[in-house]
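Structure data (TSV, C-alpha atoms) from coords07.tsv:
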```
chain	number	residue	atom	x	y	z
O	1	MET	CA	306.32	148.94	100.78
O	2	THR	CA	304.71	149.59	104.17
O	3	ALA	CA	304.25	146.48	106.32
O	4	LEU	CA	300.72	145.62	107.40
O	5	LYS	CA	300.03	146.76	110.94
O	6	THR	CA	297.35	144.12	111.40
O	7	PRO	CA	297.03	140.62	109.93
O	8	VAL	CA	294.89	140.08	106.87
O	9	PRO	CA	291.47	139.22	108.29
O	10	LEU	CA	290.59	135.55	108.39
O	11	ARG	CA	287.52	134.47	106.44
O	12	LYS	CA	284.54	134.98	108.73
O	13	VAL	CA	283.42	131.35	108.49
O	14	LEU	CA	286.80	130.26	109.90
O	15	VAL	CA	286.87	132.58	112.91
O	16	GLY	CA	286.79	130.59	116.14
O	17	ILE	CA	286.90	127.22	114.37
O	18	ASP	CA	289.10	124.45	115.78
O	19	PRO	CA	290.97	122.30	113.27
O	20	TYR	CA	289.76	118.75	112.70
O	21	GLY	CA	291.46	116.13	114.79
O	22	ALA	CA	291.23	113.40	117.37
O	23	PRO	CA	293.35	113.11	120.53
O	24	GLU	CA	296.79	111.61	119.88
O	25	ILE	CA	298.04	110.10	123.13
O	26	GLU	CA	301.06	107.85	123.39
O	27	GLY	CA	301.36	104.94	125.79
O	28	VAL	CA	297.69	103.90	125.64
O	29	VAL	CA	295.63	101.43	123.62
O	30	ARG	CA	294.53	103.60	120.71
O	31	LEU	CA	291.06	102.57	119.55
O	32	ASN	CA	289.78	105.98	118.50
O	33	VAL	CA	290.47	106.63	114.80
O	34	ASN	CA	289.43	103.41	113.03
O	35	GLU	CA	292.96	102.43	112.09
O	36	ASN	CA	293.83	98.90	111.07
O	37	PRO	CA	295.78	97.79	114.17
O	38	PHE	CA	297.97	95.23	112.40
O	39	PRO	CA	301.36	96.56	111.27
O	40	PRO	CA	302.87	95.14	108.08
O	41	SER	CA	304.53	91.75	108.40
O	42	SER	CA	308.20	91.35	107.59
O	43	ALA	CA	307.23	90.16	104.09
O	44	MET	CA	305.04	93.21	103.52
O	45	ARG	CA	307.71	95.52	104.93
O	46	SER	CA	310.20	94.01	102.50
O	47	ALA	CA	307.82	94.56	99.59
O	48	LEU	CA	307.17	98.18	100.59
O	49	THR	CA	310.88	98.83	101.10
O	50	ALA	CA	311.79	97.27	97.77
O	51	ALA	CA	309.17	99.38	96.01
O	52	VAL	CA	310.52	102.62	97.47
O	53	THR	CA	314.13	101.58	96.82
O	54	HIS	CA	313.25	100.93	93.19
O	55	VAL	CA	311.94	104.46	92.62
O	56	ILE	CA	314.23	106.40	94.93
O	57	SER	CA	316.93	106.75	92.28
O	58	GLU	CA	314.57	109.02	90.33
O	59	VAL	CA	313.24	111.01	93.26
O	60	ASN	CA	314.89	114.09	91.72
O	61	ARG	CA	312.19	113.88	89.04
O	62	TYR	CA	308.56	114.76	89.52
O	63	PRO	CA	306.19	111.81	90.00
O	64	ASP	CA	303.78	110.59	87.37
O	65	ARG	CA	301.20	113.30	87.85
O	66	ASP	CA	298.40	111.05	86.60
O	67	ALA	CA	299.55	107.90	88.51
O	68	VAL	CA	298.49	105.78	85.55
O	69	ALA	CA	300.07	102.50	86.69
O	70	LEU	CA	298.58	102.77	90.18
O	71	ARG	CA	295.16	103.59	88.78
O	72	ALA	CA	295.31	100.51	86.57
O	73	ASP	CA	296.20	98.35	89.57
O	74	LEU	CA	293.30	99.79	91.57
O	75	ALA	CA	290.91	99.11	88.69
O	76	ARG	CA	292.01	95.47	88.71
O	77	TYR	CA	291.62	95.29	92.49
O	78	LEU	CA	288.03	96.57	92.35
O	79	ASP	CA	287.24	93.86	89.78
O	80	ALA	CA	284.21	95.70	88.42
O	81	GLY	CA	285.06	95.87	84.74
O	82	LEU	CA	286.85	99.20	85.18
O	83	THR	CA	290.05	100.57	83.67
O	84	ALA	CA	292.54	103.22	84.73
O	85	ASP	CA	290.31	105.79	82.99
O	86	ASN	CA	287.65	105.11	85.66
O	87	ILE	CA	289.99	105.64	88.63
O	88	TRP	CA	291.41	108.73	90.29
O	89	VAL	CA	293.86	108.81	93.19
O	90	ALA	CA	294.70	111.45	95.77
O	91	ASN	CA	296.33	112.14	99.11
O	92	GLY	CA	293.79	110.24	101.19
O	93	SER	CA	290.06	110.05	100.58
O	94	ASN	CA	289.81	113.48	102.21
O	95	GLU	CA	291.54	114.99	99.18
O	96	VAL	CA	289.31	112.93	96.90
O	97	MET	CA	286.24	114.54	98.49
O	98	ALA	CA	287.77	118.00	98.47
O	99	GLN	CA	288.56	117.71	94.76
O	100	LEU	CA	285.03	116.58	93.98
O	101	LEU	CA	283.59	119.62	95.74
O	102	LEU	CA	286.10	121.92	94.07
O	103	ALA	CA	284.98	120.58	90.70
O	104	PHE	CA	281.23	120.20	91.25
O	105	GLY	CA	280.47	122.36	94.29
O	106	GLY	CA	281.19	126.02	94.97
O	107	PRO	CA	279.14	129.19	95.42
O	108	ARG	CA	275.41	128.81	94.78
O	109	ARG	CA	275.72	125.02	94.75
O	110	LYS	CA	274.64	122.57	97.45
O	111	VAL	CA	276.06	119.38	98.88
O	112	ALA	CA	273.79	117.21	101.03
O	113	THR	CA	274.27	114.26	103.33
O	114	LEU	CA	272.37	112.23	105.93
O	115	THR	CA	273.24	112.76	109.59
O	116	PRO	CA	274.80	111.63	111.83
O	117	THR	CA	277.76	110.97	109.56
O	118	TYR	CA	281.42	111.79	108.97
O	119	SER	CA	282.31	115.09	110.60
O	120	MET	CA	284.61	116.25	107.78
O	121	TYR	CA	281.82	116.68	105.23
O	122	PRO	CA	280.79	120.16	106.42
O	123	GLN	CA	284.45	121.19	106.33
O	124	TYR	CA	284.76	120.17	102.66
O	125	ALA	CA	281.68	122.27	101.96
O	126	ARG	CA	282.92	125.26	103.97
O	127	ASP	CA	286.35	125.28	102.36
O	128	THR	CA	284.91	125.12	98.83
O	129	MET	CA	282.17	127.66	99.60
O	130	THR	CA	279.50	125.07	98.91
O	131	THR	CA	276.21	125.26	100.80
O	132	TYR	CA	275.92	122.30	103.18
O	133	VAL	CA	272.47	120.82	103.85
O	134	THR	CA	271.45	117.69	105.75
O	135	ALA	CA	268.55	115.43	106.49
O	136	PRO	CA	268.34	113.05	109.45
O	137	ARG	CA	268.77	109.33	109.07
O	138	ASN	CA	266.05	107.06	110.42
O	139	ASP	CA	265.99	106.36	114.13
O	140	ASP	CA	268.07	103.22	113.53
O	141	TYR	CA	270.55	105.30	111.44
O	142	THR	CA	269.52	103.66	108.16
O	143	VAL	CA	268.61	105.45	104.94
O	144	ASP	CA	265.59	104.60	102.79
O	145	VAL	CA	264.26	105.71	99.43
O	146	ASP	CA	261.59	107.97	100.91
O	147	THR	CA	264.20	109.89	102.91
O	148	LEU	CA	266.27	110.50	99.79
O	149	ARG	CA	263.30	111.59	97.71
O	150	ARG	CA	262.18	114.03	100.42
O	151	LEU	CA	265.71	115.44	100.56
O	152	TRP	CA	265.80	115.95	96.81
O	153	LYS	CA	262.39	117.60	96.77
O	154	ALA	CA	263.21	119.93	99.67
O	155	GLU	CA	266.76	121.00	98.76
O	156	ARG	CA	267.55	120.08	95.14
O	157	PRO	CA	271.23	119.54	96.05
O	158	ASP	CA	273.84	119.33	93.32
O	159	ILE	CA	275.78	116.64	95.22
O	160	LEU	CA	274.71	113.93	97.65
O	161	ILE	CA	277.28	112.15	99.81
O	162	LEU	CA	275.94	108.80	100.94
O	163	THR	CA	278.22	106.98	103.36
O	164	THR	CA	278.05	103.19	103.64
O	165	PRO	CA	279.01	101.75	106.01
O	166	ASN	CA	278.30	105.00	107.75
O	167	ASN	CA	280.83	106.62	110.07
O	168	PRO	CA	280.27	106.78	113.03
O	169	THR	CA	277.29	104.42	113.21
O	170	GLY	CA	278.59	101.57	111.01
O	171	THR	CA	275.19	101.11	109.36
O	172	GLN	CA	274.94	100.07	105.72
O	173	THR	CA	272.74	101.41	102.96
O	174	SER	CA	271.51	98.70	100.62
O	175	LEU	CA	272.55	98.66	96.99
O	176	ASP	CA	268.86	98.79	96.04
O	177	VAL	CA	268.46	102.12	97.83
O	178	ILE	CA	271.66	103.48	96.28
O	179	ALA	CA	270.40	102.44	92.84
O	180	VAL	CA	267.25	104.51	93.33
O	181	ALA	CA	269.34	107.46	94.52
O	182	ALA	CA	271.41	107.17	91.34
O	183	GLU	CA	268.28	107.90	89.28
O	184	LEU	CA	268.00	111.41	90.70
O	185	PRO	CA	269.81	114.27	88.91
O	186	TRP	CA	272.60	114.92	91.39
O	187	LEU	CA	276.21	113.80	91.61
O	188	LEU	CA	275.92	110.80	93.92
O	189	VAL	CA	279.13	110.24	95.89
O	190	VAL	CA	279.05	106.88	97.68
O	191	ASP	CA	281.72	106.89	100.38
O	192	GLU	CA	282.79	103.26	100.81
O	193	ALA	CA	285.82	103.80	103.05
O	194	TYR	CA	284.90	100.70	105.08
O	195	GLN	CA	283.40	98.53	102.34
O	196	GLU	CA	285.97	95.73	102.71
O	197	PHE	CA	284.84	95.16	106.30
O	198	THR	CA	281.25	94.37	105.35
O	199	GLU	CA	279.84	90.85	105.18
O	200	LYS	CA	279.58	91.12	101.38
O	201	PRO	CA	282.37	93.42	100.16
O	202	ALA	CA	281.54	92.68	96.52
O	203	GLU	CA	278.10	94.32	96.94
O	204	SER	CA	279.58	97.68	96.06
O	205	ALA	CA	278.14	100.72	94.32
O	206	THR	CA	280.83	100.19	91.68
O	207	LYS	CA	278.26	97.87	90.09
O	208	LEU	CA	276.20	100.95	89.24
O	209	LEU	CA	278.93	102.81	87.38
O	210	PRO	CA	278.37	101.47	83.84
O	211	ALA	CA	274.75	102.66	83.76
O	212	HIS	CA	275.13	105.80	85.91
O	213	PRO	CA	277.74	108.40	84.93
O	214	ASN	CA	276.57	110.55	87.87
O	215	VAL	CA	277.80	108.01	90.46
O	216	VAL	CA	281.17	108.25	92.20
O	217	VAL	CA	282.49	105.58	94.58
O	218	SER	CA	285.13	106.78	97.03
O	219	ARG	CA	287.56	104.38	98.73
O	220	THR	CA	290.73	104.48	100.83
O	221	MET	CA	293.75	102.28	101.42
O	222	SER	CA	294.10	103.57	104.98
O	223	LYS	CA	291.70	101.06	106.53
O	224	ALA	CA	291.58	97.69	104.80
O	225	PHE	CA	295.17	97.92	103.57
O	226	ALA	CA	296.55	99.31	106.85
O	227	LEU	CA	298.24	102.18	105.00
O	228	ALA	CA	296.97	105.12	107.05
O	229	GLY	CA	300.48	106.58	107.13
O	230	VAL	CA	300.87	106.38	103.35
O	231	ARG	CA	297.80	108.55	102.60
O	232	LEU	CA	296.19	107.04	99.53
O	233	GLY	CA	292.55	107.57	98.65
O	234	TYR	CA	290.85	106.91	95.35
O	235	LEU	CA	287.56	107.06	93.52
O	236	ALA	CA	285.89	105.11	90.74
O	237	ALA	CA	283.64	106.94	88.30
O	238	ASP	CA	282.91	107.83	84.72
O	239	PRO	CA	286.01	109.14	82.88
O	240	SER	CA	284.41	112.59	82.66
O	241	ILE	CA	284.58	112.88	86.44
O	242	ILE	CA	288.23	111.82	86.46
O	243	ASP	CA	288.91	114.56	83.88
O	244	ALA	CA	287.22	117.09	86.17
O	245	CYS	CA	289.42	116.05	89.11
O	246	LYS	CA	292.51	116.54	86.97
O	247	ILE	CA	291.51	120.17	86.44
O	248	VAL	CA	291.36	121.02	90.16
O	249	ARG	CA	294.17	118.83	91.48
O	250	LEU	CA	297.39	120.47	92.60
O	251	PRO	CA	300.42	119.76	90.40
O	252	TYR	CA	302.09	116.45	91.22
O	253	HIS	CA	299.81	115.96	94.22
O	254	LEU	CA	300.80	112.32	94.83
O	255	GLY	CA	304.43	111.51	95.55
O	256	THR	CA	306.47	108.83	93.80
O	257	GLN	CA	306.99	106.91	97.05
O	258	THR	CA	303.27	106.93	97.83
O	259	GLN	CA	302.42	105.52	94.43
O	260	ALA	CA	305.10	102.83	94.73
O	261	MET	CA	304.02	101.71	98.21
O	262	ALA	CA	300.36	101.57	97.22
O	263	GLN	CA	301.18	99.39	94.22
O	264	ALA	CA	303.28	97.08	96.39
O	265	ALA	CA	300.45	96.72	98.89
O	266	LEU	CA	297.99	95.90	96.12
O	267	ALA	CA	300.36	93.24	94.80
O	268	HIS	CA	300.40	91.63	98.27
O	269	SER	CA	296.74	92.24	99.17
O	270	GLN	CA	296.20	88.78	100.65
O	271	GLU	CA	297.86	89.73	103.94
O	272	PRO	CA	295.87	92.87	104.80
O	273	LEU	CA	292.63	91.31	103.59
O	274	GLN	CA	293.17	88.38	105.98
O	275	HIS	CA	293.37	90.93	108.78
O	276	VAL	CA	290.19	92.55	107.46
O	277	ALA	CA	288.38	89.22	107.88
O	278	GLN	CA	289.69	88.96	111.44
O	279	LEU	CA	288.60	92.50	112.27
O	280	ARG	CA	285.16	91.81	110.77
O	281	GLU	CA	284.72	88.90	113.17
O	282	THR	CA	286.05	90.96	116.06
O	283	CYS	CA	283.56	93.72	115.36
O	284	GLN	CA	280.58	91.36	115.36
O	285	ALA	CA	281.76	89.63	118.54
O	286	THR	CA	282.36	92.97	120.25
O	287	GLN	CA	278.87	94.19	119.40
O	288	ALA	CA	277.32	91.04	120.85
O	289	TRP	CA	279.40	91.39	124.03
O	290	LEU	CA	278.48	95.06	124.47
O	291	ARG	CA	274.79	94.22	124.15
O	292	GLN	CA	275.20	91.57	126.85
O	293	LEU	CA	276.35	94.39	129.12
O	294	GLY	CA	272.99	96.08	128.55
O	295	LEU	CA	274.35	98.75	126.21
O	296	THR	CA	272.71	99.97	123.00
O	297	VAL	CA	274.81	99.09	119.96
O	298	PRO	CA	273.68	99.99	116.42
O	299	PRO	CA	274.49	97.15	114.00
O	300	SER	CA	277.86	97.94	112.47
O	301	GLN	CA	279.41	96.57	109.29
O	302	ALA	CA	282.69	98.44	109.71
O	303	ASN	CA	285.82	98.08	111.87
O	304	PHE	CA	284.25	100.10	114.69
O	305	THR	CA	281.07	100.24	116.70
O	306	LEU	CA	279.11	102.73	118.77
O	307	PHE	CA	278.06	101.90	122.31
O	308	GLY	CA	276.04	103.73	124.96
O	309	PRO	CA	274.16	105.80	125.76
O	310	PHE	CA	275.78	107.36	128.83
O	311	ASP	CA	274.49	110.30	130.86
O	312	ASP	CA	278.00	111.75	130.75
O	313	ARG	CA	279.92	110.18	127.91
O	314	HIS	CA	282.95	112.39	128.44
O	315	ALA	CA	283.29	111.06	131.97
O	316	VAL	CA	283.18	107.47	130.66
O	317	TRP	CA	285.70	108.40	127.96
O	318	GLN	CA	288.02	109.84	130.60
O	319	GLU	CA	287.61	106.85	132.91
O	320	LEU	CA	288.54	104.51	130.05
O	321	LEU	CA	291.55	106.68	129.26
O	322	ASP	CA	292.57	106.60	132.92
O	323	ARG	CA	292.71	102.82	132.51
O	324	GLY	CA	294.87	103.09	129.41
O	325	VAL	CA	292.24	102.78	126.64
O	326	LEU	CA	291.51	105.62	124.20
O	327	VAL	CA	288.14	105.58	122.39
O	328	ARG	CA	286.31	108.38	120.54
O	329	GLU	CA	283.65	110.86	121.61
O	330	VAL	CA	281.72	111.17	118.37
O	331	GLY	CA	278.31	110.56	116.89
O	332	PRO	CA	274.91	110.64	118.56
O	333	GLU	CA	274.66	112.27	121.97
O	334	GLY	CA	275.70	109.96	124.79
O	335	PHE	CA	277.53	107.42	122.61
O	336	LEU	CA	281.18	106.46	122.32
O	337	ARG	CA	282.88	104.74	119.39
O	338	VAL	CA	285.51	102.04	119.67
O	339	SER	CA	287.72	100.89	116.78
O	340	MET	CA	288.60	97.22	116.54
O	341	GLY	CA	292.11	96.41	117.75
O	342	THR	CA	294.33	93.39	118.05
O	343	PRO	CA	293.10	90.52	120.28
O	344	ALA	CA	295.29	91.78	123.13
O	345	GLU	CA	293.99	95.33	122.73
O	346	MET	CA	290.37	94.18	122.74
O	347	ILE	CA	290.94	92.25	125.97
O	348	LEU	CA	292.26	95.44	127.57
O	349	PHE	CA	289.25	97.37	126.25
O	350	ARG	CA	286.82	94.82	127.69
O	351	GLU	CA	288.55	94.78	131.06
O	352	ALA	CA	288.63	98.58	131.22
O	353	LEU	CA	284.99	99.00	130.23
O	354	VAL	CA	283.76	96.40	132.73
O	355	ASP	CA	285.81	98.13	135.42
O	356	VAL	CA	284.35	101.52	134.50
O	357	LEU	CA	280.77	100.27	134.43
O	358	ASP	CA	281.19	98.42	137.73
O	359	ALA	CA	282.68	101.52	139.36
O	360	ARG	CA	279.87	103.71	138.12
O	361	GLN	CA	277.26	101.21	139.28
O	362	MET	CA	278.87	101.08	142.71
O	363	ARG	CA	278.83	104.89	142.98
O	364	LYS	CA	275.13	104.92	142.12
O	365	ALA	CA	274.41	102.29	144.77
O	366	THR	CA	276.30	104.16	147.48
O	367	PRO	CA	273.95	106.41	149.47
```
Could you rewrite the structure in this file as structure tokens?
Amino acid sequence: MTALKTPVPLRKVLVGIDPYGAPEIEGVVRLNVNENPFPPSSAMRSALTAAVTHVISEVNRYPDRDAVALRADLARYLDAGLTADNIWVANGSNEVMAQLLLAFGGPRRKVATLTPTYSMYPQYARDTMTTYVTAPRNDDYTVDVDTLRRLWKAERPDILILTTPNNPTGTQTSLDVIAVAAELPWLLVVDEAYQEFTEKPAESATKLLPAHPNVVVSRTMSKAFALAGVRLGYLAADPSIIDACKIVRLPYHLGTQTQAMAQAALAHSQEPLQHVAQLRETCQATQAWLRQLGLTVPPSQANFTLFGPFDDRHAVWQELLDRGVLVREVGPEGFLRVSMGTPAEMILFREALVDVLDARQMRKATP
């Protein structure tokens, strides 16, 4: 067989595209990817270690491909009258979304969302050959019923992804608005990755599931449970949607150790949820402080907040990094996003930002 003289051509839509990612820089305060900054306590580490030790003797066997026990635990955690049949799990909420678009998207189908929002959504669409369409959020980054109805009338999308709290703005969409959206004939995917950080975590779109088989609620254990390194995302939906995800999932897509660690974390949820409450307070206090500096800060109900605008946000980003604090260049033009850190990390962020703003003000004042 003659070897190819040139590589197989890349798909045209992928030519010149950079892979998704945020800067990973060691030795700085990392407040750029919305991680939970609190590592597991010794008690949690012991629970996670014991869980892995328990299953490691059978690591020569394939994992439970349907993760039935974990799904049952997640159903109990959501406390919305659900069972394991209503839950699906995957390798992070990114895989959850990708599986949904594999099952319900594809050529000649459309997925819609409201911008600005999570930057991975167009990638899910591109990779599944689903047409990606958007409509702008309101000026305050909220979503109302009229916006959704106009979007449906204009595009007739097969899938709508509605993110609440929204990343990167942190703004919430009310359950009343989501309920109206659920009446339209699309698959409504409500991305609640940051729901636990809201003032009323129980006000979840999971309440709509019994009456609306077209609603999917996506969650993650990366944020509230501080398990970003474990990679565990999940969704709650009608059993027919779980059956569809089983069709498109890769064989044995979720490792035995991942399932065991997720179950251990759920069994000891009190610890990470205490940290969630602390981060919720930190986020509200940080927003108030940023506004006192004269910055514009959209109301956030997540573990991050936008602040700005700056004439040259990259310069501000770099000046913060020069002072040992890494934030994110994302979202509306001129804005930066900061994730909530530990108390010590937030002090360093405040000191660095004040120093940057003072230095910039001094440069402006110098003839």
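Taking atom CA of Pro23 of chain O and atom CA of Glu345 of chain O as endpoints, the distance between them is 17.9 Å.
If you measure from each of O:Ala154, O:Leu175, O:Leu102, O:Met340 to Asn36 of chain O using only C-alpha atoms, the closest one turns out to be O:Met340.
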Counting all atoms listed in the file, what are the residues of segment 191-266 of chain O within 7 Å of segment 50-54 of chain O, and for each of them which pair of atoms is the nearest and at what distance in Å, to one decimal? Sort the table by chain and rising number, as a Markdown table.
```
| residue | atom | partner | partner_atom | distance |
| --- | --- | --- | --- | --- |
| O:Gln257 | CA | O:Val52 | CA | 5.6 |
| O:Ala260 | CA | O:Ala51 | CA | 5.5 |
| O:Met261 | CA | O:Ala51 | CA | 6.1 |
| O:Ala264 | CA | O:Ala51 | CA | 6.3 |
```
Report as CSV the residues of segment 83-169 of chain O within 6 Å of segment 177-191 of chain O, each with its shortest atom pair and distance in Å (one decimal), using all atoms listed in the file, ordered by chain and increasing residue number.
```
residue,atom,partner,partner_atom,distance
O:Val145,CA,O:Val177,CA,5.8
O:Asp158,CA,O:Trp186,CA,5.0
O:Ile159,CA,O:Leu187,CA,4.6
O:Leu160,CA,O:Leu188,CA,5.0
O:Ile161,CA,O:Val189,CA,4.7
O:Leu162,CA,O:Val190,CA,4.9
O:Thr163,CA,O:Asp191,CA,4.6
```
Go ahead and dump the residues you just picked, C-alpha atoms, as a tab-separated table (two decimals), keeping the file's coordinate frame.
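And here is the file that came out, again.tsv:
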```tsv
chain	number	residue	atom	x	y	z
O	145	VAL	CA	264.26	105.71	99.43
O	158	ASP	CA	273.84	119.33	93.32
O	159	ILE	CA	275.78	116.64	95.22
O	160	LEU	CA	274.71	113.93	97.65
O	161	ILE	CA	277.28	112.15	99.81
O	162	LEU	CA	275.94	108.80	100.94
O	163	THR	CA	278.22	106.98	103.36
```
Best match for closeness to Gln263 of chain O among O:Val338, O:Leu70, O:Ala211, O:Ala228, counting all atoms listed in the file:
O:Leu70
Surrounding residues of segment 194-210 of chain O excluding itself and chain neighbours under 3 positions, 8 Å, all atoms listed in the file, as a PyMOL selection string
chain O and resi 80+164-165+175+178-179+190+213+215-217+219+223-224+236-238+276-277+279-280+301-303
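The shortest atom-to-atom distance to Gly294 of chain O, with all atoms listed in the file taken into account, belongs to O:Val354 out of O:Glu329, O:Val354, O:Asp322, O:Thr256.
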Pick from O:Gln318, O:Gln278, O:Thr169, O:Thr131: nearest to Gly106 of chain O, with only C-alpha atoms counted?
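Smallest distance to Gly106 of chain O is found for O:Thr131.
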Would you mind listing what lies within 10 Å of Thr147 of chain O as an mmCIF file with C-alpha atoms, keeping the file's coordinate frame, with all atoms listed in the file counted and same-chain residues fewer than 3 positions away left out?
```cif
data_model
loop_
_atom_site.group_PDB
_atom_site.id
_atom_site.type_symbol
_atom_site.label_atom_id
_atom_site.label_comp_id
_atom_site.auth_asym_id
_atom_site.auth_seq_id
_atom_site.Cartn_x
_atom_site.Cartn_y
_atom_site.Cartn_z
ATOM 1 C CA LEU O 114 272.370 112.230 105.930
ATOM 2 C CA ALA O 135 268.550 115.430 106.490
ATOM 3 C CA PRO O 136 268.340 113.050 109.450
ATOM 4 C CA ARG O 137 268.770 109.330 109.070
ATOM 5 C CA ASN O 138 266.050 107.060 110.420
ATOM 6 C CA THR O 142 269.520 103.660 108.160
ATOM 7 C CA VAL O 143 268.610 105.450 104.940
ATOM 8 C CA ASP O 144 265.590 104.600 102.790
ATOM 9 C CA ARG O 150 262.180 114.030 100.420
ATOM 10 C CA LEU O 151 265.710 115.440 100.560
ATOM 11 C CA TRP O 152 265.800 115.950 96.810
#
```
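Shortest separation to Leu227 of chain O among O:Pro272, O:Gly21, O:Gly255, O:Gly331 occurs at residue O:Pro272, atoms counted being all atoms listed in the file.
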Atom CA of Pro40 of chain O to atom CA of Glu351 of chain O, straight-line distance in Å
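Value for the atom CA of Glu351 of chain O-atom CA of Pro40 of chain O distance: 27.1 Å.
You can rank O:Leu336, O:Phe307, O:Ala262, O:Asp127 by their closest distance to Gly229 of chain O using all atoms listed in the file, and at the top of that list sits O:Ala262.
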